[in-house]
$ cat input.csv   # CSV, C-alpha atoms
chain,number,residue,atom,x,y,z
A,1,MET,CA,1.2,-38.6,54.7
A,2,ALA,CA,4.1,-41.0,54.5
A,3,LYS,CA,4.8,-40.4,50.8
A,4,LEU,CA,4.7,-37.2,48.8
A,5,TYR,CA,4.8,-36.1,45.2
A,6,VAL,CA,6.9,-33.0,44.5
A,7,LEU,CA,6.5,-31.1,41.1
A,8,GLY,CA,9.2,-29.0,39.6
A,9,ALA,CA,12.1,-29.2,37.2
A,10,ARG,CA,15.7,-30.1,36.5
A,11,GLN,CA,18.0,-27.1,35.7
A,12,ARG,CA,20.2,-27.0,32.7
A,13,HIS,CA,24.0,-26.9,33.1
A,14,LEU,CA,24.5,-23.2,32.8
A,15,LEU,CA,26.9,-21.5,30.5
A,16,LEU,CA,25.9,-18.1,31.9
A,17,LYS,CA,25.4,-17.4,35.5
A,18,ARG,CA,22.4,-15.2,34.8
A,19,GLU,CA,20.5,-17.5,32.4
A,20,ASP,CA,16.9,-16.3,32.0
A,21,GLU,CA,14.3,-18.4,33.6
A,22,TRP,CA,12.5,-19.0,30.3
A,23,ASN,CA,15.7,-20.9,29.2
A,24,LEU,CA,16.8,-22.2,32.6
A,25,TYR,CA,15.0,-25.6,33.0
A,26,GLU,CA,15.6,-28.6,30.7
A,27,SER,CA,12.8,-30.9,31.8
A,28,GLY,CA,9.8,-31.1,34.1
A,29,LEU,CA,10.3,-33.5,37.0
A,30,ILE,CA,8.0,-35.2,39.5
A,31,LEU,CA,9.6,-37.0,42.5
A,32,GLU,CA,8.1,-39.3,45.0
A,33,ILE,CA,9.5,-39.0,48.5
A,34,ASP,CA,9.0,-41.6,51.3
A,35,THR,CA,9.2,-39.5,54.4
A,36,GLU,CA,9.6,-42.6,56.6
A,37,THR,CA,12.5,-44.3,54.8
A,38,ARG,CA,13.7,-41.0,53.3
A,39,SER,CA,14.0,-42.6,49.9
A,40,VAL,CA,13.4,-40.6,46.7
A,41,SER,CA,12.4,-41.9,43.3
A,42,THR,CA,11.6,-40.3,40.0
A,43,CYS,CA,7.9,-40.7,38.9
A,44,LEU,CA,8.2,-38.7,35.7
A,45,GLU,CA,10.7,-36.7,33.7
A,46,TYR,CA,9.1,-34.7,30.8
A,47,LYS,CA,9.9,-32.5,27.9
A,48,THR,CA,7.4,-30.4,26.0
A,49,PRO,CA,7.2,-31.3,22.3
A,50,SER,CA,8.7,-28.7,20.0
A,51,GLU,CA,5.4,-27.6,18.5
A,52,ALA,CA,4.2,-26.4,21.9
A,53,ARG,CA,7.2,-24.3,22.9
A,54,ALA,CA,9.0,-21.2,21.5
A,55,SER,CA,12.4,-22.9,20.9
A,56,GLU,CA,14.4,-26.0,21.7
A,57,ASN,CA,16.0,-24.0,24.6
A,58,SER,CA,12.6,-23.0,26.1
A,59,SER,CA,12.3,-24.0,29.8
A,60,VAL,CA,10.2,-27.1,30.5
A,61,LEU,CA,8.9,-27.4,34.1
A,62,PHE,CA,5.9,-28.6,36.0
A,63,LYS,CA,4.2,-25.6,37.7
A,64,SER,CA,1.4,-25.8,40.3
A,65,GLY,CA,-1.2,-28.5,40.0
A,66,THR,CA,-4.3,-30.0,41.8
A,67,LEU,CA,-4.8,-33.5,43.1
A,68,VAL,CA,-8.4,-34.8,43.3
A,69,GLY,CA,-8.6,-38.4,44.5
A,70,ASN,CA,-6.2,-40.3,42.2
A,71,VAL,CA,-6.2,-37.7,39.4
A,72,LEU,CA,-3.5,-35.2,39.1
A,73,TYR,CA,-4.1,-32.0,37.1
A,74,ALA,CA,-0.6,-30.7,36.1
A,75,CYS,CA,0.7,-28.0,33.8
A,76,THR,CA,3.8,-26.8,32.1
A,77,SER,CA,4.2,-23.3,30.7
A,78,THR,CA,2.1,-24.1,27.6
A,79,GLU,CA,0.3,-27.4,28.4
A,80,VAL,CA,-2.3,-28.9,30.7
A,81,MET,CA,-2.0,-32.6,31.4
A,82,ILE,CA,-4.2,-34.9,33.5
A,83,PHE,CA,-2.6,-38.0,35.0
A,84,GLU,CA,-4.1,-41.1,36.6
A,85,LEU,CA,-2.2,-42.1,39.7
A,86,PRO,CA,-0.2,-43.9,40.9
A,87,THR,CA,0.8,-45.1,37.4
A,88,PHE,CA,1.1,-41.5,36.0
A,89,ARG,CA,-0.8,-42.7,32.9
A,90,ARG,CA,-1.7,-39.5,31.0
A,91,ILE,CA,-5.4,-39.4,30.3
A,92,ASN,CA,-5.7,-35.9,28.8
A,93,TYR,CA,-3.6,-33.2,27.1
A,94,ILE,CA,-4.5,-29.7,26.1
A,95,SER,CA,-2.3,-27.0,24.6
A,96,LEU,CA,-4.0,-23.8,23.4
A,97,PRO,CA,-2.4,-21.0,21.3
A,98,CYS,CA,-3.2,-18.5,24.1
A,99,PHE,CA,-1.1,-20.5,26.7
A,100,ASN,CA,2.0,-18.6,27.9
A,101,ASP,CA,3.7,-19.1,31.2
A,102,VAL,CA,0.8,-21.1,32.6
A,103,HIS,CA,1.2,-21.4,36.4
A,104,HIS,CA,-1.7,-23.5,37.7
A,105,VAL,CA,-4.6,-25.6,36.6
A,106,ALA,CA,-7.6,-26.8,38.7
A,107,PRO,CA,-10.9,-28.4,37.9
A,108,SER,CA,-13.9,-26.2,38.5
A,109,SER,CA,-17.0,-27.2,40.4
A,110,ASP,CA,-19.0,-27.4,37.1
A,111,GLY,CA,-16.5,-29.9,35.5
A,112,ALA,CA,-14.5,-27.5,33.4
A,113,LEU,CA,-10.8,-26.6,33.9
A,114,LEU,CA,-9.5,-23.3,35.3
A,115,VAL,CA,-6.1,-22.4,33.9
A,116,VAL,CA,-4.0,-19.5,35.3
A,117,ASN,CA,-2.5,-18.1,32.1
A,118,THR,CA,0.2,-16.0,33.8
A,119,GLY,CA,1.9,-14.7,30.7
A,120,LEU,CA,-1.3,-12.9,29.6
A,121,ASP,CA,-2.4,-11.8,33.1
A,122,MET,CA,-5.4,-14.0,32.6
A,123,VAL,CA,-7.5,-17.0,33.8
A,124,VAL,CA,-8.9,-19.2,31.1
A,125,LYS,CA,-11.8,-21.6,31.6
A,126,CYS,CA,-12.0,-24.5,29.1
A,127,THR,CA,-13.5,-27.9,28.6
A,128,HIS,CA,-11.5,-31.1,28.8
A,129,GLN,CA,-11.6,-31.1,25.0
A,130,GLY,CA,-9.9,-27.7,24.8
A,131,ASP,CA,-12.9,-25.6,24.0
A,132,VAL,CA,-12.6,-22.2,25.7
A,133,LEU,CA,-15.7,-21.2,27.7
A,134,ASP,CA,-14.5,-18.0,29.2
A,135,ALA,CA,-11.5,-15.8,29.9
A,136,TRP,CA,-10.9,-13.2,32.6
A,137,SER,CA,-8.3,-10.5,32.8
A,138,VAL,CA,-7.1,-10.4,36.5
A,139,LEU,CA,-6.9,-6.6,36.1
A,140,GLN,CA,-10.6,-6.2,35.4
A,141,GLU,CA,-10.0,-5.1,31.8
A,142,PRO,CA,-10.9,-6.8,28.6
A,143,PRO,CA,-8.7,-9.9,28.3
A,144,TRP,CA,-7.4,-8.9,24.9
A,145,SER,CA,-6.8,-5.2,25.6
A,146,ARG,CA,-3.1,-5.8,25.8
A,147,PHE,CA,-2.7,-9.0,23.8
A,148,SER,CA,-3.8,-10.3,20.4
A,149,ALA,CA,-6.2,-13.3,20.0
A,150,SER,CA,-4.5,-14.1,16.7
A,151,ILE,CA,-1.0,-14.8,18.1
A,152,ASP,CA,0.2,-18.2,19.1
A,153,TYR,CA,1.7,-17.2,22.5
A,154,ARG,CA,3.2,-20.7,23.0
A,155,LYS,CA,5.8,-19.5,20.4
A,156,VAL,CA,6.5,-16.3,22.4
A,157,GLU,CA,9.4,-16.9,24.8
A,158,THR,CA,8.2,-14.4,27.4
A,159,THR,CA,5.8,-11.6,27.8
A,160,LYS,CA,7.6,-10.2,30.9
A,161,PRO,CA,7.4,-7.9,32.7
A,162,HIS,CA,3.9,-8.8,33.8
A,163,VAL,CA,1.5,-6.3,35.2
A,164,SER,CA,-0.1,-8.7,37.7
A,165,HIS,CA,1.5,-12.2,37.4
A,166,PRO,CA,-1.5,-14.3,38.6
A,167,ASN,CA,-0.3,-17.8,39.8
A,168,PHE,CA,-2.9,-19.9,41.6
A,169,VAL,CA,-6.7,-20.4,41.2
A,170,PHE,CA,-9.2,-21.8,43.7
A,171,GLU,CA,-12.9,-21.8,44.3
A,172,LEU,CA,-14.6,-20.2,47.3
A,173,ASP,CA,-18.4,-20.6,47.7
A,174,GLY,CA,-18.6,-21.7,44.1
A,175,GLN,CA,-16.7,-18.6,42.7
A,176,PRO,CA,-13.3,-18.7,41.1
A,177,TRP,CA,-10.5,-16.7,42.8
A,178,VAL,CA,-6.9,-16.1,41.8
A,179,THR,CA,-3.8,-14.9,43.6
A,180,ARG,CA,-2.1,-11.8,42.1
A,181,TYR,CA,1.6,-11.6,42.7
A,182,TYR,CA,2.4,-7.9,42.3
A,183,GLN,CA,-0.9,-6.8,43.9
A,184,ARG,CA,-0.2,-9.0,46.9
A,185,ASP,CA,-3.7,-10.3,47.1
A,186,ALA,CA,-6.3,-12.8,45.9
A,187,ILE,CA,-9.4,-11.6,44.0
A,188,CYS,CA,-12.8,-13.1,43.1
A,189,LEU,CA,-12.8,-13.1,39.3
A,190,ASP,CA,-16.2,-11.4,39.2
A,191,GLY,CA,-14.5,-8.4,40.7
A,192,SER,CA,-16.7,-8.4,43.9
A,193,LYS,CA,-14.2,-9.3,46.6
A,194,ARG,CA,-10.6,-9.1,47.5
A,195,ILE,CA,-8.3,-10.7,50.1
A,196,ALA,CA,-5.3,-8.5,51.0
A,197,ILE,CA,-2.2,-10.6,51.8
A,198,PRO,CA,0.0,-8.5,54.0
A,199,SER,CA,3.3,-10.0,53.0
A,200,GLN,CA,5.6,-10.4,50.1
A,201,PHE,CA,4.4,-11.8,46.8
A,202,PRO,CA,1.8,-14.6,47.4
A,203,HIS,CA,1.5,-18.1,46.0
A,204,ASP,CA,-0.9,-21.1,46.7
A,205,GLY,CA,-4.3,-20.8,48.1
A,206,LEU,CA,-5.4,-24.0,49.8
A,207,ILE,CA,-8.8,-24.2,51.6
A,208,ARG,CA,-9.1,-26.3,54.7
A,209,GLY,CA,-11.5,-26.1,57.7
A,210,GLY,CA,-12.8,-22.6,57.1
A,211,ARG,CA,-9.3,-21.2,56.3
A,212,ILE,CA,-7.3,-20.4,53.2
A,213,TYR,CA,-3.6,-21.0,53.4
A,214,PHE,CA,-1.2,-18.9,51.3
A,215,THR,CA,2.6,-18.9,51.0
A,216,SER,CA,4.6,-15.8,50.3
A,217,VAL,CA,8.0,-15.8,48.5
A,218,ASP,CA,9.8,-14.5,51.6
A,219,GLY,CA,8.9,-17.6,53.7
A,220,LYS,CA,5.6,-17.0,55.3
A,221,VAL,CA,2.4,-19.0,55.6
A,222,VAL,CA,-0.5,-16.6,55.8
A,223,ILE,CA,-3.8,-18.0,57.1
A,224,ILE,CA,-7.0,-16.3,56.1
A,225,ASN,CA,-10.5,-16.8,57.6
A,226,SER,CA,-12.6,-17.9,54.6
A,227,LYS,CA,-15.7,-16.2,55.9
A,228,THR,CA,-14.4,-12.8,57.0
A,229,LEU,CA,-11.5,-12.8,54.4
A,230,THR,CA,-9.2,-11.4,57.0
A,231,VAL,CA,-5.8,-12.6,58.4
A,232,GLU,CA,-6.0,-15.0,61.3
A,233,ARG,CA,-2.3,-15.6,61.5
A,234,SER,CA,1.0,-15.3,59.7
A,235,VAL,CA,3.7,-17.7,60.4
A,236,ASP,CA,7.3,-16.6,59.5
A,237,LEU,CA,9.2,-19.7,58.5
A,238,GLN,CA,12.4,-17.7,58.1
A,239,GLN,CA,12.2,-16.6,61.7
A,240,ILE,CA,11.7,-20.2,62.7
A,241,GLU,CA,14.9,-21.3,60.8
A,242,GLY,CA,16.9,-18.3,62.0
A,243,GLN,CA,18.6,-15.4,60.2
A,244,ASP,CA,21.8,-17.3,59.3
A,245,SER,CA,20.2,-19.2,56.5
A,246,LEU,CA,18.4,-18.1,53.4
A,247,LEU,CA,15.5,-20.4,53.0
A,248,GLY,CA,14.9,-19.7,49.3
A,249,TRP,CA,11.9,-18.8,47.2
A,250,CYS,CA,8.9,-20.1,49.1
A,251,ARG,CA,6.2,-21.7,46.9
A,252,GLY,CA,4.4,-25.1,47.1
A,253,LEU,CA,2.2,-26.1,50.1
A,254,SER,CA,0.6,-29.4,51.3
A,255,LEU,CA,-1.4,-29.5,54.5
A,256,VAL,CA,-1.0,-32.6,56.6
A,257,ASP,CA,-3.7,-31.3,59.0
A,258,ASP,CA,-4.9,-27.9,60.4
A,259,TYR,CA,-1.5,-27.3,62.0
A,260,ARG,CA,1.3,-29.1,60.0
A,261,ALA,CA,2.3,-28.3,56.5
A,262,TRP,CA,4.9,-29.3,54.0
A,263,VAL,CA,6.4,-26.2,52.3
A,264,GLY,CA,8.6,-26.0,49.2
A,265,PHE,CA,11.7,-23.7,48.8
A,266,THR,CA,13.6,-23.0,45.6
A,267,ARG,CA,17.2,-21.9,45.8
A,268,ILE,CA,17.5,-18.1,45.1
A,269,ARG,CA,19.1,-17.4,41.7
A,270,LYS,CA,20.1,-14.1,40.1
A,271,THR,CA,17.5,-12.6,37.7
A,272,ARG,CA,17.3,-9.5,35.5
A,273,PHE,CA,14.1,-8.6,37.2
A,274,GLN,CA,15.7,-7.3,40.4
A,275,GLU,CA,12.4,-6.3,42.0
A,276,ASN,CA,11.5,-10.0,42.3
A,277,VAL,CA,14.4,-10.6,44.7
A,278,MET,CA,14.6,-7.2,46.5
A,279,TRP,CA,12.8,-8.9,49.5
A,280,VAL,CA,16.0,-11.0,50.0
A,281,ARG,CA,18.0,-7.8,50.8
A,282,ASN,CA,15.3,-6.3,52.9
A,283,SER,CA,14.5,-9.4,55.0
A,284,ILE,CA,17.8,-11.1,55.7
A,285,ARG,CA,21.5,-10.5,56.1
A,286,GLU,CA,23.7,-10.6,53.0
A,287,VAL,CA,26.0,-13.1,54.7
A,288,ALA,CA,23.3,-15.7,55.3
A,289,LYS,CA,24.0,-19.2,53.9
A,290,GLU,CA,21.9,-20.0,50.9
A,291,LYS,CA,19.9,-23.2,51.3
A,292,PRO,CA,19.4,-25.7,48.4
A,293,THR,CA,16.1,-26.4,46.8
A,294,HIS,CA,14.2,-28.4,49.4
A,295,ILE,CA,10.9,-29.1,51.1
A,296,ALA,CA,10.3,-28.9,54.9
A,297,LEU,CA,7.6,-29.9,57.3
A,298,TYR,CA,6.5,-27.3,59.8
A,299,ASP,CA,4.3,-27.3,62.9
A,300,LEU,CA,2.5,-24.1,62.3
A,301,ALA,CA,0.7,-24.1,65.7
A,302,ASN,CA,3.9,-24.2,67.7
A,303,GLU,CA,6.1,-22.6,65.0
A,304,ARG,CA,8.7,-25.5,64.8
A,305,SER,CA,10.6,-27.0,62.0
A,306,LEU,CA,10.1,-30.8,62.0
A,307,GLU,CA,12.1,-32.2,59.1
A,308,GLU,CA,13.3,-31.4,55.6
A,309,PHE,CA,14.5,-33.0,52.3
A,310,ASP,CA,17.2,-31.6,50.1
A,311,LEU,CA,15.9,-32.2,46.5
A,312,GLU,CA,19.0,-31.2,44.5
A,313,PRO,CA,20.8,-34.5,44.8
A,314,TYR,CA,17.8,-36.0,43.0
A,315,GLY,CA,17.9,-33.5,40.1
A,316,MET,CA,15.2,-31.1,41.2
A,317,ASN,CA,16.2,-27.4,41.2
A,318,VAL,CA,12.8,-25.7,41.4
A,319,VAL,CA,9.6,-26.6,43.4
A,320,PHE,CA,6.1,-25.6,42.5
A,321,GLY,CA,3.8,-28.2,44.1
A,322,ILE,CA,3.6,-30.8,46.9
A,323,PHE,CA,0.9,-33.5,47.1
A,324,PRO,CA,0.2,-36.6,49.2
A,325,ALA,CA,1.2,-39.7,47.1
A,326,VAL,CA,-1.5,-42.1,46.0
A,327,SER,CA,-0.6,-45.6,47.3
A,328,SER,CA,-0.8,-48.9,45.5
A,329,ALA,CA,0.5,-52.3,46.5
A,330,THR,CA,1.2,-53.4,42.9
A,331,LEU,CA,1.8,-50.3,40.8
A,332,HIS,CA,5.0,-48.2,40.8
A,333,CYS,CA,6.1,-44.9,39.4
A,334,THR,CA,7.6,-45.3,35.9
A,335,ASN,CA,8.8,-42.9,33.3
A,336,ILE,CA,6.5,-42.3,30.3
A,337,SER,CA,7.1,-40.7,27.0
A,338,PRO,CA,5.3,-37.3,26.3
A,339,ARG,CA,2.5,-38.9,24.3
A,340,SER,CA,2.1,-42.4,25.9
A,341,GLY,CA,-0.8,-43.4,28.0
A,342,LEU,CA,-3.5,-41.5,26.0
A,343,ASP,CA,-6.7,-43.1,25.0
A,344,HIS,CA,-7.1,-43.0,21.3
A,345,HIS,CA,-10.0,-40.5,21.3
A,346,LEU,CA,-7.9,-38.1,23.4
A,347,GLN,CA,-4.8,-38.0,21.2
A,348,ARG,CA,-4.3,-34.7,19.5
A,349,SER,CA,-1.4,-32.6,18.3
A,350,ALA,CA,0.2,-30.3,20.8
A,351,ASP,CA,-0.6,-27.4,18.6
A,352,ARG,CA,-4.3,-28.1,18.4
A,353,SER,CA,-5.8,-24.9,16.9
A,354,VAL,CA,-8.4,-23.7,19.4
A,355,ASP,CA,-8.8,-19.9,19.7
A,356,CYS,CA,-9.3,-18.3,23.1
A,357,ASP,CA,-12.6,-16.4,23.0
A,358,ALA,CA,-12.1,-12.7,23.7
A,359,LYS,CA,-14.8,-12.6,26.3
A,360,THR,CA,-15.0,-9.8,28.8
A,361,VAL,CA,-16.1,-10.0,32.4

$ encode --input "input.csv" --output "structure tokens"
Amino acid sequence: MAKLYVLGARQRHLLLKREDEWNLYESGLILEIDTETRSVSTCLEYKTPSEARASENSSVLFKSGTLVGNVLYACTSTEVMIFELPTFRRINYISLPCFNDVHHVAPSSDGALLVVNTGLDMVVKCTHQGDVLDAWSVLQEPPWSRFSASIDYRKVETTKPHVSHPNFVFELDGQPWVTRYYQRDAICLDGSKRIAIPSQFPHDGLIRGGRIYFTSVDGKVVIINSKTLTVERSVDLQQIEGQDSLLGWCRGLSLVDDYRAWVGFTRIRKTRFQENVMWVRNSIREVAKEKPTHIALYDLANERSLEEFDLEPYGMNVVFGIFPAVSSATLHCTNISPRSGLDHHLQRSADRSVDCDAKTV
């Protein structure tokens, strides 16, 4: 894995030290990192069009995505985009009125798209044309019991505080699962099974070799047996690095093999939702040095840190996803405009009017 793609965002120059996160990031950013030469280049810098965000000051950032072959499924808070790599030619775009604080998108085994609609504590299943096939509340309640199907939630700056805050979807034995931040678990969306994650708030959920790998915000990689759904191991990355440094908000995971993994860390910032960062006070000394936004490679088997990259000199201030880069001898990463690269039959307005069905599971 000589080269990596890292998904995240560039932060605005702040006028206030406690800028809310829904106004904090000015553009989504995808970097390519050559881990051998240690060179970094910008693949894509992106701004959501005004019709698909609440205001001109709304944050724009790439959240968690999924890489399948040379196709990258990516999302912002209100959009799903599909890119052909390594050119980053955009081949599909979906923005639905129900999208709010979208955190992850992944293709389902039946060819549809699973979208973690975090702002509505919901997972939405839709076609590549934007037709909604199903919607699940992650709290086993009717999806629209706390929200209105008639509201364009792309125009709502935030629905926080969330009750669950789902953030990552994956399929296990053909069934969709989702991580739940506040419940500290992952659940099957049919309500039949649950994986308890005995750590701070979880992210990710990568399946490899009979195991599921989760991160937790306080710097742990929790490894679950995919058959028994029990913890095999929990690796404390903060302990590896020592108590004199504050690693940051741990989120974003890419497995090199069964034992080595790249992990993303976002610099800790102040927030009005103090419960989100209470783990900092509980897990590390106040005098610890705050590390910048970065990614690091760990040997999970031997619990060693192997190398790291500071991302802030390249304009990235938050990390959500890490993927192995798709190589090409002739094609290079280039910046594209928000609407370029679409085939004619896929072009549509960002505010395409498609209602989310109020289906109950």

$ residues_around --input "input.csv" --residues "A:Ser77" --least-positions-apart "6" --cutoff "8 Å" --atoms "all atoms listed in the file" --output "list in words"
Val60, Leu61, Phe62, Lys63, Phe99, Asn100, Asp101, Val102 and His103 of chain A

$ atom_distance --input "input.csv" --atom1 "atom CA of A:Gln183" --atom2 "atom CA of A:Phe201"
7.8 Å

$ atom_distance --input "input.csv" --atom1 "atom CA of A:Thr230" --atom2 "atom CA of A:Val263"
22.0 Å

$ axis_aligned_box --input "input.csv" --around "stretch 82-87 of chain A" --padding-each-side "3 Å" --output "AutoDock Vina command-line options"
--center_x -1.7 --center_y -40.0 --center_z 37.2 --size_x 11.0 --size_y 16.2 --size_z 13.4

$ residues_around --input "input.csv" --residues "A:Ser27" --least-positions-apart "5" --cutoff "9 Å" --atoms "only C-alpha atoms" --output "list in words"
Gly8, Ala9, Arg10, Gln11, Arg12, Glu45, Tyr46, Lys47, Thr48, Ser59, Val60, Leu61 and Phe62 of chain A

$ atom_distance --input "input.csv" --atom1 "atom CA of A:Ile197" --atom2 "atom CA of A:Asp185"
4.9 Å

$ closest_residue --input "input.csv" --among "A:Ala186, A:Leu120, A:Ile195, A:Val221" --to "A:Arg154" --atoms "all atoms listed in the file"
A:Leu120

$ closest_atom_pairs --input "input.csv" --of "stretch 183-282 of chain A" --to "stretch 303-311 of chain A" --cutoff "10 Å" --atoms "only C-alpha atoms" --output "Markdown table"
| residue | atom | partner | partner_atom | distance |
| --- | --- | --- | --- | --- |
| A:Val235 | CA | A:Glu303 | CA | 7.1 |
| A:Asp236 | CA | A:Glu303 | CA | 8.2 |
| A:Leu237 | CA | A:Glu303 | CA | 7.8 |
| A:Gln239 | CA | A:Glu303 | CA | 9.2 |
| A:Ile240 | CA | A:Arg304 | CA | 6.4 |
| A:Glu241 | CA | A:Ser305 | CA | 7.2 |
| A:Tyr259 | CA | A:Glu303 | CA | 9.4 |
| A:Arg260 | CA | A:Leu306 | CA | 9.2 |
| A:Ala261 | CA | A:Leu306 | CA | 9.9 |
| A:Trp262 | CA | A:Glu308 | CA | 8.8 |
| A:Val263 | CA | A:Glu308 | CA | 9.2 |
| A:Gly264 | CA | A:Glu308 | CA | 9.6 |
| A:Phe265 | CA | A:Asp310 | CA | 9.7 |
| A:Thr266 | CA | A:Leu311 | CA | 9.5 |

$ closest_residue --input "input.csv" --among "A:Gln243, A:Gly119, A:Asp131, A:His294" --to "A:Arg146" --atoms "all atoms listed in the file"
A:Gly119

$ closest_residue --input "input.csv" --among "A:Leu206, A:Ile295, A:Val231, A:Val318" --to "A:Thr66" --atoms "only C-alpha atoms"
A:Leu206

$ closest_residue --input "input.csv" --among "A:Asp134, A:Asp173, A:Glu32, A:Glu51" --to "A:Phe88" --atoms "all atoms listed in the file"
A:Glu32

$ residues_around --input "input.csv" --residues "A:Ser254" --least-positions-apart "4" --cutoff "12 Å" --atoms "all atoms listed in the file" --output "number ranges by chain"
A: 1, 3-7, 64-67, 204-208, 213-215, 221, 258-264, 295-298, 320-325

$ residues_near_point --input "input.csv" --point "(-2.3, -22.6, 24.8)" --cutoff "8 Å" --atoms "all atoms listed in the file" --output "ChimeraX atom specification"
/A:78-79,94-100,152-154
